[in-house]
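Listing of query23.cif; format and content: mmCIF, C-alpha atoms (C1' of nucleotides).
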data_upload
#
loop_
_atom_site.label_atom_id
_atom_site.label_comp_id
_atom_site.auth_asym_id
_atom_site.auth_seq_id
_atom_site.Cartn_x
_atom_site.Cartn_y
_atom_site.Cartn_z
CA MET A 1 90.55 226.10 146.10
CA ALA A 2 88.41 224.18 148.17
CA ALA A 3 90.49 221.48 149.54
CA LYS A 4 89.60 218.39 147.68
CA LYS A 5 89.70 214.80 148.53
CA LYS A 6 90.79 213.52 151.76
CA ALA A 7 90.55 216.44 153.98
CA ALA A 8 92.27 213.99 156.02
CA ALA A 9 95.55 215.23 155.06
CA LYS A 10 97.65 214.22 157.89
CA LYS A 11 98.64 217.08 159.99
CA ARG A 12 102.35 217.18 159.93
CA ALA A 13 102.04 217.26 163.61
CA VAL A 14 104.84 219.47 164.58
CA PRO A 15 107.15 217.67 166.91
CA LYS A 16 104.54 217.37 169.55
CA LYS A 17 107.32 216.65 171.92
CA PRO A 18 108.01 220.17 173.05
CA ALA A 19 111.29 221.24 174.47
CA ALA A 20 109.94 219.89 177.68
CA THR A 21 111.70 216.64 177.02
CA LYS A 22 115.24 216.20 176.04
CA PRO A 23 116.71 218.85 173.85
CA ALA A 24 117.23 217.34 170.46
CA ALA A 25 120.89 217.97 171.01
CA ALA A 26 120.95 215.26 173.58
CA ARG A 27 120.69 212.74 170.85
CA PRO A 28 123.54 211.77 168.58
CA LYS A 29 121.34 212.77 165.73
CA VAL A 30 123.93 212.26 163.08
CA ALA A 31 123.43 213.42 159.58
CA SER A 32 120.60 210.99 159.75
CA PRO A 33 120.83 209.53 156.26
CA LYS A 34 117.42 208.27 157.06
CA ALA A 35 116.45 206.05 154.20
CA SER A 36 113.19 207.81 154.36
CA PRO A 37 110.28 206.48 152.40
CA LYS A 38 109.87 209.95 151.05
CA THR A 39 111.43 209.18 147.76
CA ALA A 40 111.85 205.47 147.98
CA ALA A 41 110.42 203.61 145.08
CA PRO A 42 108.08 200.78 145.85
CA ALA A 43 110.41 197.87 145.42
CA GLY A 44 108.66 194.76 146.50
CA GLY A 45 105.93 194.50 149.02
CA PRO A 46 102.48 193.05 148.81
CA TRP A 47 101.44 195.43 146.08
CA ALA A 48 104.46 195.06 143.85
CA ALA A 49 102.25 193.93 141.02
CA ALA A 50 100.76 197.39 140.86
CA PHE A 51 104.15 198.75 139.88
CA ALA A 52 105.38 195.90 137.72
CA PRO A 53 106.25 196.57 134.10
CA ARG A 54 103.21 196.54 131.89
CA ALA A 55 102.38 194.55 128.85
CA GLU A 56 101.85 196.52 125.70
CA GLY A 57 98.68 198.54 126.08
CA GLU A 58 97.87 197.08 129.46
CA ARG A 59 95.36 199.02 131.46
CA ARG A 60 95.25 198.86 135.23
CA TYR A 61 92.61 199.60 137.78
CA TRP A 62 92.48 201.54 141.02
CA LEU A 63 90.19 202.86 143.69
CA VAL A 64 90.30 206.24 145.37
CA LYS A 65 88.34 207.35 148.39
CA SER A 66 86.86 210.67 149.20
CA GLU A 67 84.43 211.77 151.81
CA ARG A 68 81.24 212.88 150.18
CA SER A 69 81.20 216.03 152.25
CA VAL A 70 84.70 216.93 151.16
CA PHE A 71 84.64 216.08 147.48
CA SER A 72 81.91 213.89 146.10
CA PHE A 73 81.45 212.25 142.74
CA ASP A 74 78.83 214.89 142.05
CA ASP A 75 81.47 217.50 142.74
CA LEU A 76 83.66 215.83 140.16
CA LEU A 77 80.85 215.80 137.61
CA ALA A 78 80.35 219.48 138.29
CA SER A 79 84.02 220.32 137.87
CA ALA A 80 85.34 221.97 134.75
CA GLY A 81 85.84 219.25 132.17
CA GLN A 82 84.56 216.86 134.84
CA ARG A 83 88.14 216.51 135.95
CA THR A 84 90.20 217.36 138.97
CA CYS A 85 93.62 216.97 140.46
CA TRP A 86 93.61 214.40 143.25
CA ASP A 87 95.42 216.44 145.84
CA GLY A 88 95.77 216.03 149.54
CA VAL A 89 96.98 212.45 149.81
CA ARG A 90 99.52 212.33 152.62
CA ASN A 91 100.40 208.70 153.01
CA TYR A 92 103.46 207.14 151.43
CA ALA A 93 101.87 203.96 150.21
CA ALA A 94 99.09 205.91 148.56
CA ARG A 95 101.59 208.40 147.23
CA ASN A 96 103.53 205.61 145.55
CA PHE A 97 100.43 204.42 143.75
CA LEU A 98 99.74 207.95 142.57
CA ARG A 99 103.31 208.70 141.58
CA ASP A 100 104.48 205.41 140.18
CA GLY A 101 101.54 203.14 139.64
CA MET A 102 98.82 205.02 137.84
CA LYS A 103 99.15 205.59 134.14
CA ARG A 104 97.13 207.53 131.64
CA GLY A 105 94.09 205.61 130.60
CA ASP A 106 93.83 203.57 133.79
CA LEU A 107 90.35 203.35 135.26
CA VAL A 108 89.54 204.28 138.82
CA PHE A 109 86.62 203.54 141.08
CA PHE A 110 85.41 206.54 143.07
CA TYR A 111 84.49 205.49 146.60
CA HIS A 112 82.62 207.54 149.16
CA SER A 113 84.09 206.87 152.59
CA MET A 114 82.54 207.90 155.86
CA ASP A 115 79.20 207.67 154.14
CA GLU A 116 76.03 205.75 154.78
CA PRO A 117 76.56 203.36 153.30
CA GLN A 118 80.11 203.65 152.11
CA SER A 119 80.11 202.74 148.45
CA ILE A 120 81.69 202.86 145.06
CA VAL A 121 79.63 205.34 143.13
CA GLY A 122 81.45 206.04 139.93
CA VAL A 123 84.27 205.44 137.50
CA CYS A 124 86.99 207.86 136.48
CA GLU A 125 89.97 207.77 134.18
CA VAL A 126 93.53 208.88 134.82
CA VAL A 127 94.09 211.78 132.44
CA ARG A 128 97.38 213.03 133.83
CA GLU A 129 100.04 210.94 135.50
CA GLY A 130 101.75 211.68 138.78
CA TYR A 131 103.06 215.17 139.34
CA PRO A 132 103.84 217.20 142.46
CA ASP A 133 100.93 218.12 144.69
CA HIS A 134 101.36 221.86 144.94
CA THR A 135 99.05 222.13 147.93
CA ALA A 136 101.81 220.58 150.03
CA THR A 137 103.89 223.73 149.74
CA MET A 138 101.09 226.25 150.07
CA ARG A 139 101.51 227.67 153.53
CA GLY A 140 98.16 227.97 155.16
CA HIS A 141 96.53 225.42 152.89
CA ALA A 142 94.76 222.60 154.63
CA HIS A 143 97.14 220.17 152.95
CA PHE A 144 100.28 222.13 153.66
CA ASP A 145 103.24 220.04 154.76
CA ALA A 146 106.01 222.11 156.27
CA GLU A 147 108.50 219.32 155.74
CA SER A 148 107.87 218.96 152.06
CA ASP A 149 110.70 220.50 150.08
CA PRO A 150 109.44 222.35 147.02
CA GLY A 151 112.66 221.37 145.29
CA ALA A 152 112.13 217.69 145.93
CA PRO A 153 108.41 217.09 146.21
CA THR A 154 107.24 214.53 148.68
CA TRP A 155 103.62 214.40 147.66
CA PHE A 156 102.13 213.67 144.29
CA MET A 157 98.76 213.63 142.62
CA VAL A 158 97.17 212.64 139.34
CA ASP A 159 94.33 214.18 137.40
CA LEU A 160 91.13 212.22 137.12
CA ARG A 161 88.19 212.67 134.81
CA ALA A 162 84.75 211.26 135.42
CA VAL A 163 83.75 208.50 133.06
CA GLU A 164 80.39 207.48 134.44
CA ARG A 165 78.30 207.17 137.51
CA LEU A 166 77.61 203.54 138.32
CA PRO A 167 73.99 202.73 137.56
CA ARG A 168 73.89 201.10 140.96
CA ALA A 169 76.26 202.05 143.76
CA VAL A 170 78.24 199.12 145.11
CA THR A 171 78.24 199.24 148.89
CA LEU A 172 80.95 198.12 151.22
CA PRO A 173 78.71 195.44 152.76
CA ALA A 174 78.00 194.12 149.28
CA ILE A 175 81.71 194.02 148.54
CA LYS A 176 82.39 192.15 151.75
CA ALA A 177 79.71 189.66 150.89
CA ARG A 178 81.44 188.56 147.71
CA ALA A 179 84.04 185.88 148.16
CA GLU A 180 85.78 186.92 144.95
CA LEU A 181 86.49 190.28 146.52
CA ALA A 182 87.87 189.09 149.81
CA GLY A 183 91.40 189.93 148.77
CA MET A 184 90.69 193.49 147.79
CA ALA A 185 93.20 196.02 148.99
CA LEU A 186 90.23 198.12 150.01
CA LEU A 187 89.35 195.51 152.61
CA ARG A 188 92.85 194.51 153.54
CA ILE A 189 94.19 197.97 154.17
CA GLY A 190 91.08 199.83 155.03
CA ARG A 191 92.70 203.10 155.74
CA LEU A 192 94.53 203.54 152.48
CA SER A 193 92.87 206.16 150.35
CA VAL A 194 94.36 204.96 147.06
CA THR A 195 94.50 201.25 146.33
CA PRO A 196 95.02 198.94 143.38
CA VAL A 197 92.16 196.86 142.01
CA THR A 198 92.80 193.70 140.04
CA PRO A 199 91.18 193.15 136.65
CA SER A 200 88.98 190.41 138.06
CA GLU A 201 87.92 192.53 141.01
CA TRP A 202 87.15 195.32 138.62
CA ALA A 203 84.98 193.06 136.50
CA VAL A 204 83.05 191.74 139.46
CA ILE A 205 82.35 195.16 140.89
CA ARG A 206 81.53 196.66 137.55
CA ALA A 207 78.97 193.91 137.05
CA MET A 208 77.55 194.50 140.51
CA GLY A 209 77.18 198.15 139.66
CA ALA A 210 75.40 197.56 136.39
CA SER A 211 71.77 198.45 136.33
"C1'" DG B 1 116.82 198.15 164.43
"C1'" DC B 2 113.35 197.55 167.86
"C1'" DC B 3 109.49 199.02 170.18
"C1'" DA B 4 106.28 201.96 172.81
"C1'" DA B 5 103.66 206.06 172.49
"C1'" DC B 6 100.78 208.56 169.88
"C1'" DG B 7 97.85 210.11 166.19
"C1'" DT B 8 94.76 209.21 162.30
"C1'" DT B 9 91.60 206.66 159.39
"C1'" DG B 10 87.45 204.86 158.89
"C1'" DG B 11 84.14 201.07 159.91
"C1'" DC B 12 80.70 200.01 163.12
"C1'" DG C 1 81.54 207.47 170.45
"C1'" DC C 2 84.32 203.51 170.33
"C1'" DC C 3 87.80 200.80 168.66
"C1'" DA C 4 90.89 198.10 165.40
"C1'" DA C 5 94.44 198.77 162.33
"C1'" DC C 6 98.42 200.79 161.32
"C1'" DG C 7 101.70 204.68 160.07
"C1'" DT C 8 104.95 207.82 162.20
"C1'" DT C 9 108.00 209.41 165.66
"C1'" DG C 10 111.56 209.15 168.71
"C1'" DG C 11 114.01 206.97 172.69
"C1'" DC C 12 117.17 203.57 173.42
#
Let me see whether you can do it: turn the structure in this file into structure tokens.
Amino acid sequence: MAAKKKAAAKKRAVPKKPAATKPAAARPKVASPKASPKTAAPAGGPWAAAFAPRAEGERRYWLVKSERSVFSFDDLLASAGQRTCWDGVRNYAARNFLRDGMKRGDLVFFYHSMDEPQSIVGVCEVVREGYPDHTATMRGHAHFDAESDPGAPTWFMVDLRAVERLPRAVTLPAIKARAELAGMALLRIGRLSVTPVTPSEWAVIRAMGAS
DNA sequence: GCCAACGTTGGC
DNA sequence: GCCAACGTTGGC
């Protein structure tokens, strides 16, 4: 139960434009083929490398955020098997990383957002690749999305297992202070809750987090 | 397809 | 609490 991860789940804000305005009928509103990003695969874009074909045995790196008060690294350590499904992500870019980017065996930094200070506190491993986030179709659930079709899932999640707590948490200010990390997706798209981490970024941060 | 309005994230 | 960034929605 307890809603994990980003409580943030975007509220599918029901058409906040009540009937007050124009009746939907007023608009042509054709079949609206809408090339929605719902299923679109991440073609190019700035993070294409995260989806590119992998070399034999290549391992990739990622970073996920969670508010400590919602689901902390300690909560993960206390979970059965020290693993959990990373549910609740309701952003297409993040969804694409979960659904198409992450592979079994990839390593993931666990970041506490909205914390003082915000910091990377642990490392996890992807133990199950992208699969539908069932909380999206659970009416009444905090992460429920009325527009998500159970037959064609919009939202995905992966399972993560804790690997280790970093001997020393790596804070956001410390990350910002390192020139080698200036290009981090974490800094460039601050609001994304799932981002790729390059091998070199991983190495730098891992070293910073060593005792 | 463009763009303004609006809502959310999350750092400060 | 404020605000920058930015994703989504919907009018046109």
Legend entry - For DC12 of chain B: contacts at 12 Å, only C-alpha atoms (C1' of nucleotides), fewer than 6 positions along chain excluded, given as a PyMOL selection string: (chain A and resi 114-118+173) or (chain C and resi 1-4)
Inset, instruction - Can you turn the PyMOL selection byres ((chain B and resi 9) around 6) into a concrete residue list for this file, as a PyMOL selection string? - result: (chain A and resi 191) or (chain B and resi 8+10)
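Note that the spacing between atom CA of Leu160 of chain A and atom CA of Ala49 of chain A amounts to 21.8 Å.
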Evaluating the PyMOL selection byres ((chain A and resi 168) around 10) on the displayed file yields which residues, as a compact mmCIF listing (two decimals) with C-alpha atoms, keeping the file's coordinate frame?
# COMPACT_ATOMS: atom_id res chain seq x y z
CA SER A 119 80.11 202.74 148.45
CA ILE A 120 81.69 202.86 145.06
CA VAL A 121 79.63 205.34 143.13
CA GLY A 122 81.45 206.04 139.93
CA ARG A 165 78.30 207.17 137.51
CA LEU A 166 77.61 203.54 138.32
CA PRO A 167 73.99 202.73 137.56
CA ALA A 169 76.26 202.05 143.76
CA VAL A 170 78.24 199.12 145.11
CA THR A 171 78.24 199.24 148.89
CA ARG A 206 81.53 196.66 137.55
CA ALA A 207 78.97 193.91 137.05
CA MET A 208 77.55 194.50 140.51
CA GLY A 209 77.18 198.15 139.66
CA ALA A 210 75.40 197.56 136.39
CA SER A 211 71.77 198.45 136.33
Inset, instruction - Pull out every residue that the PyMOL selection byres ((chain A and resi 110) around 8) matches in the shown coordinates and put them as an MDAnalysis selection string. - result: chainID A and resid 63:66 73 108:109 111:112 120:124
Selection from above, C-alpha atoms, as an mmCIF file, in the coordinates of the input, can you write it?
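Ended up saving to part20.cif:
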data_model
loop_
_atom_site.group_PDB
_atom_site.id
_atom_site.type_symbol
_atom_site.label_atom_id
_atom_site.label_comp_id
_atom_site.auth_asym_id
_atom_site.auth_seq_id
_atom_site.Cartn_x
_atom_site.Cartn_y
_atom_site.Cartn_z
ATOM 1 C CA LEU A 63 90.190 202.860 143.690
ATOM 2 C CA VAL A 64 90.300 206.240 145.370
ATOM 3 C CA LYS A 65 88.340 207.350 148.390
ATOM 4 C CA SER A 66 86.860 210.670 149.200
ATOM 5 C CA PHE A 73 81.450 212.250 142.740
ATOM 6 C CA VAL A 108 89.540 204.280 138.820
ATOM 7 C CA PHE A 109 86.620 203.540 141.080
ATOM 8 C CA TYR A 111 84.490 205.490 146.600
ATOM 9 C CA HIS A 112 82.620 207.540 149.160
ATOM 10 C CA ILE A 120 81.690 202.860 145.060
ATOM 11 C CA VAL A 121 79.630 205.340 143.130
ATOM 12 C CA GLY A 122 81.450 206.040 139.930
ATOM 13 C CA VAL A 123 84.270 205.440 137.500
ATOM 14 C CA CYS A 124 86.990 207.860 136.480
#
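For the pair atom CA of His141 of chain A and atom CA of Arg104 of chain A, the interatomic distance is 27.8 Å.
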Legend entry - Nearby residues (only C-alpha atoms (C1' of nucleotides)) at most 9 Å from Leu76 of chain A, same-chain spacing under 5 positions excluded, as number ranges by chain: A: 71, 81-84, 160-162
Next, the residues of the selection above should be written as a tab-separated table (two decimals), in the coordinates of the input with C-alpha atoms.
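Result file again_21.tsv:
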chain	number	residue	atom	x	y	z
A	71	PHE	CA	84.64	216.08	147.48
A	81	GLY	CA	85.84	219.25	132.17
A	82	GLN	CA	84.56	216.86	134.84
A	83	ARG	CA	88.14	216.51	135.95
A	84	THR	CA	90.20	217.36	138.97
A	160	LEU	CA	91.13	212.22	137.12
A	161	ARG	CA	88.19	212.67	134.81
A	162	ALA	CA	84.75	211.26	135.42
Inset, instruction - Select all residues near (92.8, 199.6, 128.5) (cut-off 7 Å, inclusive, file coordinates), counting only C-alpha atoms (C1' of nucleotides), and output them as a list in words. - result: Gly57, Glu58, Arg59, Gly105 and Asp106 of chain A
Legend entry - Within 10 Å of Ala185 of chain A using all atoms listed in the file, minus same-chain residues under 5 positions, as a ChimeraX atom specification: /A:46-47,62-63,190-192,194-198
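Distances to chain B were evaluated for A:Ser79, A:Ser148, A:Ser193, A:Thr137 using all atoms listed in the file, and the minimum falls at A:Ser193.
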Inset, instruction - Please indicate the distance in Å from atom CA of Leu187 of chain A to atom CA of Thr135 of chain A, rounded to one decimal place. - result: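 Those two atoms sit 28.7 Å apart.
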Inset, instruction - Give the answer as one residue: which of A:Arg188, A:Arg95, A:Arg139, A:Lys103 has the shortest atom-to-atom distance to chain C, using all atoms listed in the file? - result: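 Distance minimum relative to chain C lands on A:Arg188.
Of the residues listed (A:Asp133, A:Glu201, A:Asp149, A:Asp159), A:Asp133 shows the shortest atom-to-atom separation from Val89 of chain A; distances use all atoms listed in the file.
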Could you rebuild segment 110-146 of chain A with N, CA and C atoms and give it back as a short mmCIF file (atom, residue, chain, number, x, y, z; two decimals), in the frame of the given file?
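That gives us part-v3.cif:
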data_model
loop_
_atom_site.label_atom_id
_atom_site.label_comp_id
_atom_site.auth_asym_id
_atom_site.auth_seq_id
_atom_site.Cartn_x
_atom_site.Cartn_y
_atom_site.Cartn_z
N PHE A 110 85.54 205.39 142.16
CA PHE A 110 85.41 206.54 143.07
C PHE A 110 84.55 206.06 144.24
N TYR A 111 85.15 206.04 145.41
CA TYR A 111 84.49 205.49 146.60
C TYR A 111 84.19 206.59 147.61
N HIS A 112 82.99 206.58 148.12
CA HIS A 112 82.62 207.54 149.16
C HIS A 112 82.85 206.89 150.53
N SER A 113 83.84 207.41 151.25
CA SER A 113 84.09 206.87 152.59
C SER A 113 83.32 207.71 153.60
N MET A 114 83.24 207.20 154.80
CA MET A 114 82.54 207.90 155.86
C MET A 114 81.13 208.27 155.40
N ASP A 115 80.53 207.39 154.66
CA ASP A 115 79.20 207.67 154.14
C ASP A 115 78.26 206.57 154.60
N GLU A 116 77.01 206.75 154.36
CA GLU A 116 76.03 205.75 154.78
C GLU A 116 75.15 205.35 153.61
N PRO A 117 75.41 204.21 153.01
CA PRO A 117 76.56 203.36 153.30
C PRO A 117 77.76 203.80 152.48
N GLN A 118 78.93 203.33 152.89
CA GLN A 118 80.11 203.65 152.11
C GLN A 118 79.92 202.87 150.82
N SER A 119 80.29 203.48 149.70
CA SER A 119 80.11 202.74 148.45
C SER A 119 80.89 203.32 147.29
N ILE A 120 81.03 202.45 146.30
CA ILE A 120 81.69 202.86 145.06
C ILE A 120 80.56 203.44 144.23
N VAL A 121 80.72 204.67 143.85
CA VAL A 121 79.63 205.34 143.13
C VAL A 121 79.92 205.68 141.69
N GLY A 122 81.18 205.66 141.31
CA GLY A 122 81.45 206.04 139.93
C GLY A 122 82.79 205.54 139.42
N VAL A 123 83.02 205.84 138.16
CA VAL A 123 84.27 205.44 137.50
C VAL A 123 84.94 206.69 136.92
N CYS A 124 86.23 206.76 137.07
CA CYS A 124 86.99 207.86 136.48
C CYS A 124 88.15 207.29 135.68
N GLU A 125 88.82 208.17 134.99
CA GLU A 125 89.97 207.77 134.18
C GLU A 125 91.15 208.67 134.53
N VAL A 126 92.32 208.09 134.55
CA VAL A 126 93.53 208.88 134.82
C VAL A 126 93.83 209.66 133.53
N VAL A 127 93.82 210.97 133.63
CA VAL A 127 94.09 211.78 132.44
C VAL A 127 95.43 212.51 132.54
N ARG A 128 96.03 212.48 133.71
CA ARG A 128 97.38 213.03 133.83
C ARG A 128 98.10 212.23 134.89
N GLU A 129 99.29 211.77 134.56
CA GLU A 129 100.04 210.94 135.50
C GLU A 129 100.71 211.76 136.58
N GLY A 130 101.16 211.06 137.61
CA GLY A 130 101.75 211.68 138.78
C GLY A 130 102.61 212.92 138.59
N TYR A 131 102.27 213.94 139.34
CA TYR A 131 103.06 215.17 139.34
C TYR A 131 102.91 215.78 140.73
N PRO A 132 103.83 216.66 141.10
CA PRO A 132 103.84 217.20 142.46
C PRO A 132 102.52 217.83 142.89
N ASP A 133 102.15 217.55 144.11
CA ASP A 133 100.93 218.12 144.69
C ASP A 133 101.32 219.48 145.26
N HIS A 134 100.97 220.50 144.53
CA HIS A 134 101.36 221.86 144.94
C HIS A 134 100.77 222.32 146.27
N THR A 135 99.68 221.67 146.68
CA THR A 135 99.05 222.13 147.93
C THR A 135 99.96 221.83 149.13
N ALA A 136 100.92 220.93 148.92
CA ALA A 136 101.81 220.58 150.03
C ALA A 136 102.74 221.73 150.40
N THR A 137 102.97 222.63 149.46
CA THR A 137 103.89 223.73 149.74
C THR A 137 103.17 225.07 149.85
N MET A 138 101.85 225.00 149.92
CA MET A 138 101.09 226.25 150.07
C MET A 138 100.83 226.52 151.54
N ARG A 139 101.66 227.35 152.11
CA ARG A 139 101.51 227.67 153.53
C ARG A 139 100.09 228.13 153.81
N GLY A 140 99.52 227.58 154.83
CA GLY A 140 98.16 227.97 155.16
C GLY A 140 97.11 227.07 154.55
N HIS A 141 97.49 226.33 153.52
CA HIS A 141 96.53 225.42 152.89
C HIS A 141 96.29 224.24 153.82
N ALA A 142 95.11 223.71 153.75
CA ALA A 142 94.76 222.60 154.63
C ALA A 142 95.69 221.40 154.42
N HIS A 143 96.26 221.30 153.24
CA HIS A 143 97.14 220.17 152.95
C HIS A 143 98.62 220.53 153.01
N PHE A 144 98.89 221.68 153.56
CA PHE A 144 100.28 222.13 153.66
C PHE A 144 101.12 221.19 154.51
N ASP A 145 102.32 220.90 154.03
CA ASP A 145 103.24 220.04 154.76
C ASP A 145 104.56 220.80 154.87
N ALA A 146 104.82 221.30 156.04
CA ALA A 146 106.01 222.11 156.27
C ALA A 146 107.31 221.38 155.95
#
